[in-house]
$ cat run_28.pdb   # PDB, C-alpha atoms
ATOM      1  CA  MET A 626      -8.035  -7.544 -24.548
ATOM      2  CA  LYS A 627      -8.229  -4.400 -26.621
ATOM      3  CA  GLN A 628      -8.930  -0.834 -25.536
ATOM      4  CA  ILE A 629     -12.184   0.557 -26.925
ATOM      5  CA  GLY A 630     -12.906   3.658 -24.845
ATOM      6  CA  THR A 631     -11.765   6.289 -22.363
ATOM      7  CA  ILE A 632     -13.872   8.145 -19.801
ATOM      8  CA  ASP A 633     -12.368  11.313 -18.329
ATOM      9  CA  LEU A 634     -13.159  11.800 -14.649
ATOM     10  CA  PRO A 635     -13.422  15.143 -12.830
ATOM     11  CA  GLY A 636     -11.385  14.303  -9.725
ATOM     12  CA  PRO A 637      -7.806  15.527  -9.232
ATOM     13  CA  LYS A 638      -5.275  13.930 -11.547
ATOM     14  CA  GLY A 639      -2.549  11.633 -10.317
ATOM     15  CA  GLU A 640      -4.333  10.439  -7.174
ATOM     16  CA  ARG A 641      -4.934   6.833  -6.229
ATOM     17  CA  PHE A 642      -8.052   4.889  -7.225
ATOM     18  CA  ASP A 643      -9.258   1.741  -5.498
ATOM     19  CA  TYR A 644     -12.067  -0.838  -5.906
ATOM     20  CA  LEU A 645     -14.772  -0.860  -8.566
ATOM     21  CA  THR A 646     -18.010  -2.812  -8.817
ATOM     22  CA  MET A 647     -20.998  -3.168 -11.120
ATOM     23  CA  ASP A 648     -24.600  -2.137 -10.463
ATOM     24  CA  GLU A 649     -26.259  -4.422 -13.001
ATOM     25  CA  GLU A 650     -29.767  -3.085 -12.299
ATOM     26  CA  ASP A 651     -28.939   0.441 -13.442
ATOM     27  CA  GLN A 652     -26.048  -0.595 -15.686
ATOM     28  CA  TYR A 653     -23.732   1.580 -13.654
ATOM     29  CA  LEU A 654     -20.049   1.189 -12.924
ATOM     30  CA  LEU A 655     -19.220   2.359  -9.390
ATOM     31  CA  SER A 656     -15.624   3.470  -8.909
ATOM     32  CA  ALA A 657     -13.763   4.559  -5.763
ATOM     33  CA  HIS A 658     -11.306   7.468  -6.152
ATOM     34  CA  LEU A 659      -9.411   7.048  -2.901
ATOM     35  CA  GLY A 660      -7.240  10.168  -3.052
ATOM     36  CA  PRO A 661      -9.954  12.866  -3.127
ATOM     37  CA  GLY A 662     -12.677  10.717  -1.527
ATOM     38  CA  ILE A 663     -15.109  10.532  -4.469
ATOM     39  CA  LEU A 664     -17.469   7.768  -5.631
ATOM     40  CA  TYR A 665     -18.004   7.879  -9.398
ATOM     41  CA  VAL A 666     -21.243   6.611 -10.917
ATOM     42  CA  ILE A 667     -20.720   5.830 -14.623
ATOM     43  CA  ASP A 668     -23.393   4.694 -17.097
ATOM     44  CA  VAL A 669     -21.775   1.835 -19.032
ATOM     45  CA  ARG A 670     -24.370   2.084 -21.818
ATOM     46  CA  THR A 671     -23.088   5.523 -22.789
ATOM     47  CA  ASN A 672     -19.676   5.576 -21.068
ATOM     48  CA  ARG A 673     -20.667   8.844 -19.419
ATOM     49  CA  LEU A 674     -20.273  10.024 -15.855
ATOM     50  CA  VAL A 675     -23.653  10.269 -14.108
ATOM     51  CA  LYS A 676     -22.453  11.658 -10.789
ATOM     52  CA  ALA A 677     -19.314  12.256  -8.755
ATOM     53  CA  ILE A 678     -20.441  11.744  -5.158
ATOM     54  CA  PRO A 679     -18.201  13.474  -2.559
ATOM     55  CA  GLY A 680     -18.047  12.892   1.177
ATOM     56  CA  VAL A 681     -16.458   9.415   1.212
ATOM     57  CA  PRO A 682     -12.983  10.177   2.656
ATOM     58  CA  ARG A 683     -10.194   7.926   1.291
ATOM     59  CA  ILE A 684     -12.754   5.469  -0.075
ATOM     60  CA  THR A 685     -11.351   1.999  -0.653
ATOM     61  CA  GLY A 686     -14.098  -0.626  -1.024
ATOM     62  CA  VAL A 687     -17.461  -0.260  -2.751
ATOM     63  CA  GLU A 688     -20.312  -2.780  -2.989
ATOM     64  CA  TYR A 689     -23.828  -2.512  -4.438
ATOM     65  CA  VAL A 690     -26.991  -3.996  -2.910
ATOM     66  CA  PRO A 691     -29.539  -5.057  -5.568
ATOM     67  CA  GLY A 692     -33.139  -4.112  -4.887
ATOM     68  CA  LEU A 693     -32.342  -1.391  -2.364
ATOM     69  CA  ARG A 694     -30.354   0.820  -4.752
ATOM     70  CA  LYS A 695     -27.766   1.392  -2.050
ATOM     71  CA  VAL A 696     -23.990   1.354  -2.177
ATOM     72  CA  TYR A 697     -21.756   0.620   0.798
ATOM     73  CA  THR A 698     -18.388   2.370   0.794
ATOM     74  CA  SER A 699     -15.340   1.682   2.947
ATOM     75  CA  ASP A 700     -14.140   5.121   4.021
ATOM     76  CA  TRP A 701     -10.652   4.735   5.430
ATOM     77  CA  GLY A 702     -10.291   8.489   5.982
ATOM     78  CA  GLU A 703     -12.836   8.438   8.810
ATOM     79  CA  GLU A 704     -12.819   4.691   9.682
ATOM     80  CA  LYS A 705     -16.471   4.371   8.718
ATOM     81  CA  ILE A 706     -18.712   2.450   6.350
ATOM     82  CA  GLY A 707     -20.703   4.870   4.206
ATOM     83  CA  VAL A 708     -24.230   4.167   3.006
ATOM     84  CA  VAL A 709     -24.956   5.840  -0.343
ATOM     85  CA  ASP A 710     -28.498   6.148  -1.708
ATOM     86  CA  LEU A 711     -28.376   5.939  -5.511
ATOM     87  CA  ARG A 712     -31.776   7.617  -5.801
ATOM     88  CA  SER A 713     -30.524  10.844  -4.237
ATOM     89  CA  MET A 714     -26.836  10.165  -5.034
ATOM     90  CA  THR A 715     -25.874  11.157  -1.486
ATOM     91  CA  VAL A 716     -24.346   9.606   1.621
ATOM     92  CA  ILE A 717     -27.263   8.932   3.985
ATOM     93  CA  LYS A 718     -25.506   7.212   6.887
ATOM     94  CA  ARG A 719     -22.060   6.500   8.319
ATOM     95  CA  LEU A 720     -21.240   3.475  10.485
ATOM     96  CA  ALA A 721     -18.162   3.575  12.716
ATOM     97  CA  THR A 722     -15.972   0.506  12.271
ATOM     98  CA  ALA A 723     -12.480  -0.850  12.973
ATOM     99  CA  SER A 724      -9.266   0.352  11.343
ATOM    100  CA  LYS A 725      -9.054   0.599   7.535
ATOM    101  CA  PRO A 726     -12.373  -0.626   6.149
ATOM    102  CA  ASN A 727     -11.475  -2.151   2.810
ATOM    103  CA  GLY A 728     -12.912  -4.851   0.523
ATOM    104  CA  SER A 729     -16.521  -5.968   0.933
ATOM    105  CA  THR A 730     -19.018  -8.548  -0.278
ATOM    106  CA  TYR A 731     -22.804  -8.923  -0.142
ATOM    107  CA  ALA A 732     -24.558 -12.125   0.952
ATOM    108  CA  ALA A 733     -27.923 -11.470  -0.698
ATOM    109  CA  PRO A 734     -30.078 -14.245   0.868
ATOM    110  CA  PHE A 735     -29.062 -13.015   4.328
ATOM    111  CA  HIS A 736     -29.326  -9.260   3.630
ATOM    112  CA  LYS A 737     -25.850  -8.763   5.052
ATOM    113  CA  MET A 738     -22.773  -6.879   3.916
ATOM    114  CA  TYR A 739     -19.368  -8.151   5.032
ATOM    115  CA  VAL A 740     -16.663  -5.474   5.220
ATOM    116  CA  SER A 741     -13.019  -6.288   5.802
ATOM    117  CA  ASP A 742     -11.383  -3.989   8.381
ATOM    118  CA  THR A 743      -7.854  -4.754   7.245
ATOM    119  CA  LEU A 744      -5.717  -3.093   9.915
ATOM    120  CA  GLY A 745      -8.329  -3.743  12.592
ATOM    121  CA  LYS A 746      -7.974  -7.484  11.893
ATOM    122  CA  ALA A 747     -11.736  -7.804  11.678
ATOM    123  CA  VAL A 748     -14.797  -8.217   9.489
ATOM    124  CA  ALA A 749     -17.791  -5.960  10.163
ATOM    125  CA  ILE A 750     -21.232  -7.376   9.348
ATOM    126  CA  VAL A 751     -23.891  -4.873   8.286
ATOM    127  CA  ASP A 752     -27.636  -5.518   8.233
ATOM    128  CA  VAL A 753     -28.550  -3.697   5.005
ATOM    129  CA  GLU A 754     -32.218  -3.366   5.944
ATOM    130  CA  LYS A 755     -31.398  -1.531   9.181
ATOM    131  CA  ASP A 756     -28.046  -0.083   8.108
ATOM    132  CA  GLU A 757     -26.492  -1.185  11.362
ATOM    133  CA  ILE A 758     -23.366  -3.173  12.198
ATOM    134  CA  ILE A 759     -24.786  -6.228  13.920
ATOM    135  CA  LYS A 760     -21.542  -8.077  14.634
ATOM    136  CA  THR A 761     -17.776  -7.760  14.267
ATOM    137  CA  LEU A 762     -15.637 -10.864  13.818
ATOM    138  CA  GLU A 763     -12.063 -10.531  15.055
ATOM    139  CA  PHE A 764      -9.038 -12.434  13.753
ATOM    140  CA  LYS A 765      -5.346 -12.761  14.600
ATOM    141  CA  SER A 766      -4.396 -11.585  11.117
ATOM    142  CA  GLU A 767      -5.034  -8.571   8.937
ATOM    143  CA  THR A 768      -8.043  -9.287   6.738
ATOM    144  CA  GLY A 769      -7.920  -9.124   2.963
ATOM    145  CA  MET A 770     -10.765  -9.347   0.463
ATOM    146  CA  PRO A 771     -13.960 -11.190   1.506
ATOM    147  CA  GLN A 772     -16.181 -12.949  -1.045
ATOM    148  CA  TYR A 773     -19.596 -14.626  -0.911
ATOM    149  CA  ASP A 774     -20.028 -18.048  -2.529
ATOM    150  CA  SER A 775     -23.620 -18.195  -3.767
ATOM    151  CA  VAL A 776     -23.646 -22.010  -4.078
ATOM    152  CA  SER A 777     -22.261 -23.022  -0.685
ATOM    153  CA  ARG A 778     -23.868 -19.884   0.851
ATOM    154  CA  LYS A 779     -20.706 -19.129   2.788
ATOM    155  CA  VAL A 780     -18.469 -16.074   3.086
ATOM    156  CA  TYR A 781     -14.721 -16.465   2.708
ATOM    157  CA  VAL A 782     -12.105 -13.912   3.761
ATOM    158  CA  ASN A 783      -8.360 -13.772   3.242
ATOM    159  CA  LEU A 784      -6.225 -13.767   6.401
ATOM    160  CA  ARG A 785      -3.229 -12.281   4.689
ATOM    161  CA  ASN A 786      -0.628 -12.349   7.493
ATOM    162  CA  ALA A 787      -1.438 -15.983   8.280
ATOM    163  CA  ASP A 788      -1.629 -17.188   4.639
ATOM    164  CA  GLU A 789      -5.058 -18.617   5.421
ATOM    165  CA  VAL A 790      -8.674 -18.370   4.292
ATOM    166  CA  ALA A 791     -11.458 -18.158   6.882
ATOM    167  CA  GLU A 792     -14.964 -19.526   6.259
ATOM    168  CA  ILE A 793     -17.984 -17.734   7.758
ATOM    169  CA  ASP A 794     -21.571 -18.997   7.921
ATOM    170  CA  PRO A 795     -23.877 -16.029   7.208
ATOM    171  CA  ALA A 796     -26.788 -17.858   8.854
ATOM    172  CA  THR A 797     -25.063 -17.668  12.242
ATOM    173  CA  ASP A 798     -22.089 -15.351  11.552
ATOM    174  CA  LYS A 799     -19.798 -17.888  13.141
ATOM    175  CA  VAL A 800     -16.348 -18.748  11.813
ATOM    176  CA  LEU A 801     -16.536 -22.373  10.664
ATOM    177  CA  GLY A 802     -12.797 -22.757  10.181
ATOM    178  CA  THR A 803      -9.542 -21.300   8.907
ATOM    179  CA  TYR A 804      -7.590 -23.117   6.205
ATOM    180  CA  PRO A 805      -3.911 -22.721   5.242
ATOM    181  CA  VAL A 806      -3.205 -21.925   1.594
ATOM    182  CA  ASP A 807      -0.177 -23.897   0.395
ATOM    183  CA  VAL A 808       2.563 -22.098  -1.555
ATOM    184  CA  CYS A 809       0.896 -18.714  -1.072
ATOM    185  CA  ARG A 810       2.124 -15.805   0.997
ATOM    186  CA  TYR A 811       0.205 -12.604   1.767
ATOM    187  CA  ASN A 812      -3.107 -13.484   0.113
ATOM    188  CA  HIS A 813      -5.036 -10.238  -0.291
ATOM    189  CA  GLY A 814      -7.180 -10.222  -3.458
ATOM    190  CA  MET A 815      -9.920 -12.816  -3.974
ATOM    191  CA  ALA A 816     -12.547 -13.777  -6.538
ATOM    192  CA  ILE A 817     -14.793 -16.846  -6.512
ATOM    193  CA  ASP A 818     -16.091 -19.290  -9.117
ATOM    194  CA  SER A 819     -19.139 -20.541  -7.200
ATOM    195  CA  GLU A 820     -20.093 -23.142  -9.804
ATOM    196  CA  HIS A 821     -16.833 -25.027  -9.359
ATOM    197  CA  HIS A 822     -16.158 -24.151  -5.687
ATOM    198  CA  ARG A 823     -12.904 -22.376  -6.498
ATOM    199  CA  ALA A 824     -11.359 -19.257  -5.012
ATOM    200  CA  PHE A 825      -8.765 -17.255  -6.941
ATOM    201  CA  LEU A 826      -6.274 -15.726  -4.512
ATOM    202  CA  LEU A 827      -3.657 -13.087  -5.277
ATOM    203  CA  CYS A 828      -0.527 -13.980  -3.314
ATOM    204  CA  GLY A 829       1.631 -10.860  -3.099
ATOM    205  CA  GLY A 830       4.518 -12.553  -1.333
ATOM    206  CA  THR A 831       4.890 -15.249  -3.976
ATOM    207  CA  LYS A 832       3.765 -13.133  -6.991
ATOM    208  CA  ALA A 833       1.240 -15.719  -8.071
ATOM    209  CA  LEU A 834      -2.434 -16.458  -8.435
ATOM    210  CA  THR A 835      -3.349 -19.508  -6.400
ATOM    211  CA  VAL A 836      -6.478 -21.520  -7.198
ATOM    212  CA  PHE A 837      -7.912 -22.770  -3.906
ATOM    213  CA  ALA A 838     -10.542 -25.527  -3.728
ATOM    214  CA  LEU A 839     -13.240 -24.394  -1.300
ATOM    215  CA  ASP A 840     -14.617 -27.924  -0.865
ATOM    216  CA  THR A 841     -11.327 -29.692  -0.042
ATOM    217  CA  HIS A 842      -9.466 -26.616   1.302
ATOM    218  CA  LYS A 843      -6.455 -27.384  -0.894
ATOM    219  CA  SER A 844      -4.398 -25.370  -3.369
ATOM    220  CA  ILE A 845      -4.677 -26.918  -6.825
ATOM    221  CA  ALA A 846      -2.871 -24.490  -9.161
ATOM    222  CA  HIS A 847      -0.382 -21.610  -9.072
ATOM    223  CA  LEU A 848       0.144 -19.168 -11.942
ATOM    224  CA  PRO A 849       2.913 -16.537 -11.929
ATOM    225  CA  LEU A 850       1.872 -12.885 -11.963
ATOM    226  CA  PRO A 851       3.641  -9.570 -12.562
ATOM    227  CA  ALA A 852       4.517  -7.585  -9.450
ATOM    228  CA  GLY A 853       1.879  -5.595  -7.605
ATOM    229  CA  ALA A 854      -1.177  -7.817  -8.101
ATOM    230  CA  ASP A 855      -3.988  -6.338  -5.981
ATOM    231  CA  VAL A 856      -7.503  -6.889  -7.376
ATOM    232  CA  VAL A 857      -8.765 -10.027  -9.144
ATOM    233  CA  LYS A 858     -12.129 -10.488 -10.899
ATOM    234  CA  PHE A 859     -13.780 -13.489 -12.525
ATOM    235  CA  ASP A 860     -16.024 -13.413 -15.596
ATOM    236  CA  PRO A 861     -18.063 -16.656 -15.489
ATOM    237  CA  GLY A 862     -19.453 -16.126 -18.984
ATOM    238  CA  MET A 863     -16.029 -15.933 -20.628
ATOM    239  CA  ARG A 864     -14.511 -18.199 -17.946
ATOM    240  CA  ARG A 865     -11.716 -15.700 -17.517
ATOM    241  CA  ILE A 866      -9.790 -14.408 -14.530
ATOM    242  CA  TYR A 867      -8.356 -10.876 -14.602
ATOM    243  CA  ALA A 868      -5.694  -9.690 -12.140
ATOM    244  CA  ALA A 869      -4.687  -6.021 -12.025
ATOM    245  CA  CYS A 870      -0.959  -5.578 -11.293
ATOM    246  CA  SER A 871       0.409  -2.130 -10.430
ATOM    247  CA  SER A 872       3.701  -2.831 -12.235
ATOM    248  CA  GLY A 873       1.777  -2.186 -15.466
ATOM    249  CA  PHE A 874      -0.144  -5.301 -16.468
ATOM    250  CA  ILE A 875      -3.525  -7.007 -16.345
ATOM    251  CA  ALA A 876      -2.978 -10.760 -16.256
ATOM    252  CA  VAL A 877      -5.598 -12.696 -18.229
ATOM    253  CA  ILE A 878      -6.114 -16.354 -17.305
ATOM    254  CA  GLN A 879      -8.456 -18.823 -18.999
ATOM    255  CA  VAL A 880     -10.328 -21.418 -16.950
ATOM    256  CA  GLU A 881     -10.135 -24.664 -18.932
ATOM    257  CA  ASP A 882     -12.007 -26.644 -16.289
ATOM    258  CA  ALA A 883     -12.194 -26.763 -12.496
ATOM    259  CA  ASP A 884      -8.618 -28.051 -12.197
ATOM    260  CA  HIS A 885      -6.836 -26.553 -15.223
ATOM    261  CA  TYR A 886      -5.926 -22.925 -15.940
ATOM    262  CA  ARG A 887      -3.975 -21.260 -18.733
ATOM    263  CA  LYS A 888      -2.355 -17.822 -18.820
ATOM    264  CA  LEU A 889      -3.454 -16.041 -22.006
ATOM    265  CA  GLU A 890      -1.345 -12.934 -21.590
ATOM    266  CA  ASP A 891       0.024 -10.245 -19.334
ATOM    267  CA  PHE A 892      -1.712  -7.339 -21.048
ATOM    268  CA  ALA A 893       0.348  -4.129 -20.802
ATOM    269  CA  VAL A 894      -1.385  -1.143 -19.168
ATOM    270  CA  GLN A 895      -0.204   2.006 -17.415
ATOM    271  CA  LYS A 896       1.688   1.621 -14.148
ATOM    272  CA  MET A 897      -0.308   1.983 -10.901
ATOM    273  CA  VAL A 898      -3.368   0.273 -12.429
ATOM    274  CA  HIS A 899      -4.159  -2.073  -9.549
ATOM    275  CA  SER A 900      -7.955  -2.436  -9.696
ATOM    276  CA  LEU A 901     -10.601  -3.369 -12.250
ATOM    277  CA  ALA A 902     -14.184  -4.516 -12.744
ATOM    278  CA  VAL A 903     -15.863  -6.822 -15.256
ATOM    279  CA  ASP A 904     -19.345  -6.312 -16.675
ATOM    280  CA  PRO A 905     -20.774  -9.858 -16.869
ATOM    281  CA  ALA A 906     -23.357  -8.791 -19.454
ATOM    282  CA  THR A 907     -20.928  -7.342 -22.027
ATOM    283  CA  HIS A 908     -17.683  -8.951 -20.764
ATOM    284  CA  ARG A 909     -16.040  -5.542 -20.883
ATOM    285  CA  VAL A 910     -13.259  -4.765 -18.440
ATOM    286  CA  TYR A 911     -12.913  -1.376 -16.724
ATOM    287  CA  ALA A 912      -9.717  -0.116 -15.116
ATOM    288  CA  PRO A 913      -8.959   3.376 -13.729
ATOM    289  CA  GLU A 914      -5.718   5.187 -14.558
ATOM    290  CA  GLN A 915      -3.996   7.756 -12.375
ATOM    291  CA  GLN A 916      -1.043   8.314 -14.695
ATOM    292  CA  GLU A 917      -0.028   8.021 -18.334
ATOM    293  CA  ASP A 918       3.676   7.535 -18.976
ATOM    294  CA  GLY A 919       4.430   9.243 -15.674
ATOM    295  CA  GLN A 920       2.058  12.183 -16.219
ATOM    296  CA  PRO A 921      -0.969  12.538 -13.897
ATOM    297  CA  VAL A 922      -4.433  11.706 -15.258
ATOM    298  CA  ALA A 923      -7.842  10.732 -13.858
ATOM    299  CA  ARG A 924      -9.798   8.484 -16.192
ATOM    300  CA  MET A 925     -11.432   5.119 -16.755
ATOM    301  CA  ILE A 926     -10.278   2.845 -19.566
ATOM    302  CA  VAL A 927     -12.736   0.458 -21.251
ATOM    303  CA  TYR A 928     -11.490  -2.829 -22.697
ATOM    304  CA  GLU A 929     -13.194  -5.457 -24.825
ATOM    305  CA  ALA A 930     -12.523  -9.139 -24.271
ATOM    306  CA  VAL A 931     -11.007 -10.685 -27.398
ATOM    307  CA  GLU A 932     -10.924 -14.362 -28.233
ATOM    308  CA  PRO A 933      -7.317 -15.583 -28.397
ATOM    309  CA  ALA A 934      -5.915 -16.542 -31.766
ATOM    310  CA  PRO A 935      -6.066 -20.295 -32.432
ATOM    311  CA  LYS A 936      -2.848 -22.184 -31.871
ATOM    312  CA  PRO A 937      -0.945 -22.926 -35.128
TER     313      PRO A 937
END

$ encode --input "run_28.pdb" --output "structure tokens"
Amino acid sequence: MKQIGTIDLPGPKGERFDYLTMDEEDQYLLSAHLGPGILYVIDVRTNRLVKAIPGVPRITGVEYVPGLRKVYTSDWGEEKIGVVDLRSMTVIKRLATASKPNGSTYAAPFHKMYVSDTLGKAVAIVDVEKDEIIKTLEFKSETGMPQYDSVSRKVYVNLRNADEVAEIDPATDKVLGTYPVDVCRYNHGMAIDSEHHRAFLLCGGTKALTVFALDTHKSIAHLPLPAGADVVKFDPGMRRIYAACSSGFIAVIQVEDADHYRKLEDFAVQKMVHSLAVDPATHRVYAPEQQEDGQPVARMIVYEAVEPAPKP
């Protein structure tokens, strides 16, 4: 990767950021600033801040719903799921949920948002047309990142204390099974390659990215990562996996095919960078910084994907 831009953000410097996601309809980047409880709306065409939306206390997760122009935020500070209207740029509803709402994923054909309540050991299911929690699934483990597989039309969620992945059927909201992930401990982050039925799991206890086959429920590859890996994203166009590691790196992994993966580099970034987003249209990578060489900042860094040099 190479850095091509910086976007200064108005929130307090030195405070923790969390998840980011893309709104491809408006070409917005949506970024959670956990510390002050702000949702940033950034226009990626101009790299300018459109709005800093307050009132989302200790925001962790953020997910956009196409068509409705709504954003669902996980507001740890009040143990609620926030509903943000992007037309008015305001919070229009708050849904009480279990402890520490966190990562989330949208199952579009079912009009449902799945929100991991990490410390509550649960997943809350929101009907996005009614903005109501219609069911809560409880587990014996803390829940990590959930992801929707658009091909199998299933939702998968990390059970990070059990080193397992649970499979949920959005048609019935029943748990179809839980599957152990070999050679992986404390699986929190997740991204999915729906085309090849692969999940990319960040295993904090083993400091590795594990590739998990969703069809056979088997681990098929393990790639070492720097310490502090938290958020992983997949760019299907470039066939690249990006893992943000708070020790000061973004790991870049190339998908050769469904069963073969190659580490391109551990790209050096500032420490405490533990989240990122990928724009599938431009293949740019966005990562928020809360410090620069130990000094507090509040800004978004823009990176361009670069083709690796050919082997000699």

$ resolve_selection --input "run_28.pdb" --expression "the PyMOL selection byres ((chain A and resi 766) around 12)" --output "PDB file with C-alpha atoms, in the coordinates of the input"
ATOM      1  CA  SER A 741     -13.019  -6.288   5.802  1.00  0.00           C
ATOM      2  CA  ASP A 742     -11.383  -3.989   8.381  1.00  0.00           C
ATOM      3  CA  THR A 743      -7.854  -4.754   7.245  1.00  0.00           C
ATOM      4  CA  LEU A 744      -5.717  -3.093   9.915  1.00  0.00           C
ATOM      5  CA  GLY A 745      -8.329  -3.743  12.592  1.00  0.00           C
ATOM      6  CA  LYS A 746      -7.974  -7.484  11.893  1.00  0.00           C
ATOM      7  CA  ALA A 747     -11.736  -7.804  11.678  1.00  0.00           C
ATOM      8  CA  VAL A 748     -14.797  -8.217   9.489  1.00  0.00           C
ATOM      9  CA  LEU A 762     -15.637 -10.864  13.818  1.00  0.00           C
ATOM     10  CA  GLU A 763     -12.063 -10.531  15.055  1.00  0.00           C
ATOM     11  CA  PHE A 764      -9.038 -12.434  13.753  1.00  0.00           C
ATOM     12  CA  LYS A 765      -5.346 -12.761  14.600  1.00  0.00           C
ATOM     13  CA  GLU A 767      -5.034  -8.571   8.937  1.00  0.00           C
ATOM     14  CA  THR A 768      -8.043  -9.287   6.738  1.00  0.00           C
ATOM     15  CA  GLY A 769      -7.920  -9.124   2.963  1.00  0.00           C
ATOM     16  CA  VAL A 782     -12.105 -13.912   3.761  1.00  0.00           C
ATOM     17  CA  ASN A 783      -8.360 -13.772   3.242  1.00  0.00           C
ATOM     18  CA  LEU A 784      -6.225 -13.767   6.401  1.00  0.00           C
ATOM     19  CA  ARG A 785      -3.229 -12.281   4.689  1.00  0.00           C
ATOM     20  CA  ASN A 786      -0.628 -12.349   7.493  1.00  0.00           C
ATOM     21  CA  ALA A 787      -1.438 -15.983   8.280  1.00  0.00           C
ATOM     22  CA  ASP A 788      -1.629 -17.188   4.639  1.00  0.00           C
ATOM     23  CA  GLU A 789      -5.058 -18.617   5.421  1.00  0.00           C
ATOM     24  CA  VAL A 790      -8.674 -18.370   4.292  1.00  0.00           C
ATOM     25  CA  ALA A 791     -11.458 -18.158   6.882  1.00  0.00           C
ATOM     26  CA  THR A 803      -9.542 -21.300   8.907  1.00  0.00           C
ATOM     27  CA  TYR A 811       0.205 -12.604   1.767  1.00  0.00           C
ATOM     28  CA  ASN A 812      -3.107 -13.484   0.113  1.00  0.00           C
ATOM     29  CA  HIS A 813      -5.036 -10.238  -0.291  1.00  0.00           C
TER      30      HIS A 813
END

$ closest_residue --input "run_28.pdb" --among "A:Asp756, A:Ile926, A:Val856, A:Lys705" --to "Pro771 of chain A" --atoms "all atoms listed in the file"
A:Val856

$ resolve_selection --input "run_28.pdb" --expression "the PyMOL selection byres ((chain A and resi 709-724) around 8)" --output "mmCIF file with C-alpha atoms, in the coordinates of the input"
data_model
loop_
_atom_site.group_PDB
_atom_site.id
_atom_site.type_symbol
_atom_site.label_atom_id
_atom_site.label_comp_id
_atom_site.auth_asym_id
_atom_site.auth_seq_id
_atom_site.Cartn_x
_atom_site.Cartn_y
_atom_site.Cartn_z
ATOM 1 C CA LYS A 676 -22.453 11.658 -10.789
ATOM 2 C CA ILE A 678 -20.441 11.744 -5.158
ATOM 3 C CA GLY A 680 -18.047 12.892 1.177
ATOM 4 C CA VAL A 681 -16.458 9.415 1.212
ATOM 5 C CA ARG A 694 -30.354 0.820 -4.752
ATOM 6 C CA LYS A 695 -27.766 1.392 -2.050
ATOM 7 C CA VAL A 696 -23.990 1.354 -2.177
ATOM 8 C CA TYR A 697 -21.756 0.620 0.798
ATOM 9 C CA THR A 698 -18.388 2.370 0.794
ATOM 10 C CA TRP A 701 -10.652 4.735 5.430
ATOM 11 C CA GLU A 704 -12.819 4.691 9.682
ATOM 12 C CA LYS A 705 -16.471 4.371 8.718
ATOM 13 C CA ILE A 706 -18.712 2.450 6.350
ATOM 14 C CA GLY A 707 -20.703 4.870 4.206
ATOM 15 C CA VAL A 708 -24.230 4.167 3.006
ATOM 16 C CA LYS A 725 -9.054 0.599 7.535
ATOM 17 C CA PRO A 726 -12.373 -0.626 6.149
ATOM 18 C CA ASP A 742 -11.383 -3.989 8.381
ATOM 19 C CA THR A 743 -7.854 -4.754 7.245
ATOM 20 C CA LEU A 744 -5.717 -3.093 9.915
ATOM 21 C CA GLY A 745 -8.329 -3.743 12.592
ATOM 22 C CA LYS A 746 -7.974 -7.484 11.893
ATOM 23 C CA ALA A 747 -11.736 -7.804 11.678
ATOM 24 C CA ALA A 749 -17.791 -5.960 10.163
ATOM 25 C CA ASP A 756 -28.046 -0.083 8.108
ATOM 26 C CA GLU A 757 -26.492 -1.185 11.362
ATOM 27 C CA ILE A 758 -23.366 -3.173 12.198
#

$ resolve_selection --input "run_28.pdb" --expression "the PyMOL selection byres ((chain A and resi 651-666) around 6)" --output "list in words"
Glu640, Arg641, Phe642, Asp643, Tyr644, Leu645, Thr646, Met647, Asp648, Glu649, Glu650, Ile667, Asp668, Val669, Val675, Lys676, Ala677, Ile678, Pro679, Val681, Pro682, Arg683, Ile684 and Thr685 of chain A

$ atom_distance --input "run_28.pdb" --atom1 "atom CA of Leu889 of chain A" --atom2 "atom CA of Asp818 of chain A"
18.3 Å

$ atom_distance --input "run_28.pdb" --atom1 "atom CA of Gly728 of chain A" --atom2 "atom CA of Met626 of chain A"
25.7 Å

$ closest_residue --input "run_28.pdb" --among "A:Ile866, A:Phe859, A:Arg670, A:Ser900" --to "Gly686 of chain A" --atoms "all atoms listed in the file"
A:Ser900

$ closest_residue --input "run_28.pdb" --among "A:Gly702, A:Pro637, A:Gly853, A:Pro734" --to "Val690 of chain A" --atoms "all atoms listed in the file"
A:Pro734

$ atom_distance --input "run_28.pdb" --atom1 "atom CA of Lys843 of chain A" --atom2 "atom CA of Glu881 of chain A"
18.6 Å

$ build_atoms --input "run_28.pdb" --residues "segment 866-871 of chain A" --atoms "N, CA and C atoms" --output "PDB file, in the frame of the given file"
ATOM      1  N   ILE A 866     -10.234 -15.079 -15.743  1.00  0.00           N
ATOM      2  CA  ILE A 866      -9.790 -14.408 -14.530  1.00  0.00           C
ATOM      3  C   ILE A 866      -8.918 -13.233 -14.958  1.00  0.00           C
ATOM      4  N   TYR A 867      -9.158 -12.068 -14.326  1.00  0.00           N
ATOM      5  CA  TYR A 867      -8.356 -10.876 -14.602  1.00  0.00           C
ATOM      6  C   TYR A 867      -7.717 -10.404 -13.294  1.00  0.00           C
ATOM      7  N   ALA A 868      -6.413 -10.179 -13.315  1.00  0.00           N
ATOM      8  CA  ALA A 868      -5.694  -9.690 -12.140  1.00  0.00           C
ATOM      9  C   ALA A 868      -4.979  -8.395 -12.497  1.00  0.00           C
ATOM     10  N   ALA A 869      -5.303  -7.321 -11.778  1.00  0.00           N
ATOM     11  CA  ALA A 869      -4.687  -6.021 -12.025  1.00  0.00           C
ATOM     12  C   ALA A 869      -3.399  -5.911 -11.216  1.00  0.00           C
ATOM     13  N   CYS A 870      -2.291  -5.609 -11.911  1.00  0.00           N
ATOM     14  CA  CYS A 870      -0.959  -5.578 -11.293  1.00  0.00           C
ATOM     15  C   CYS A 870      -0.367  -4.177 -11.483  1.00  0.00           C
ATOM     16  N   SER A 871       0.005  -3.534 -10.377  1.00  0.00           N
ATOM     17  CA  SER A 871       0.409  -2.130 -10.430  1.00  0.00           C
ATOM     18  C   SER A 871       1.737  -1.913 -11.156  1.00  0.00           C
TER      19      SER A 871
END
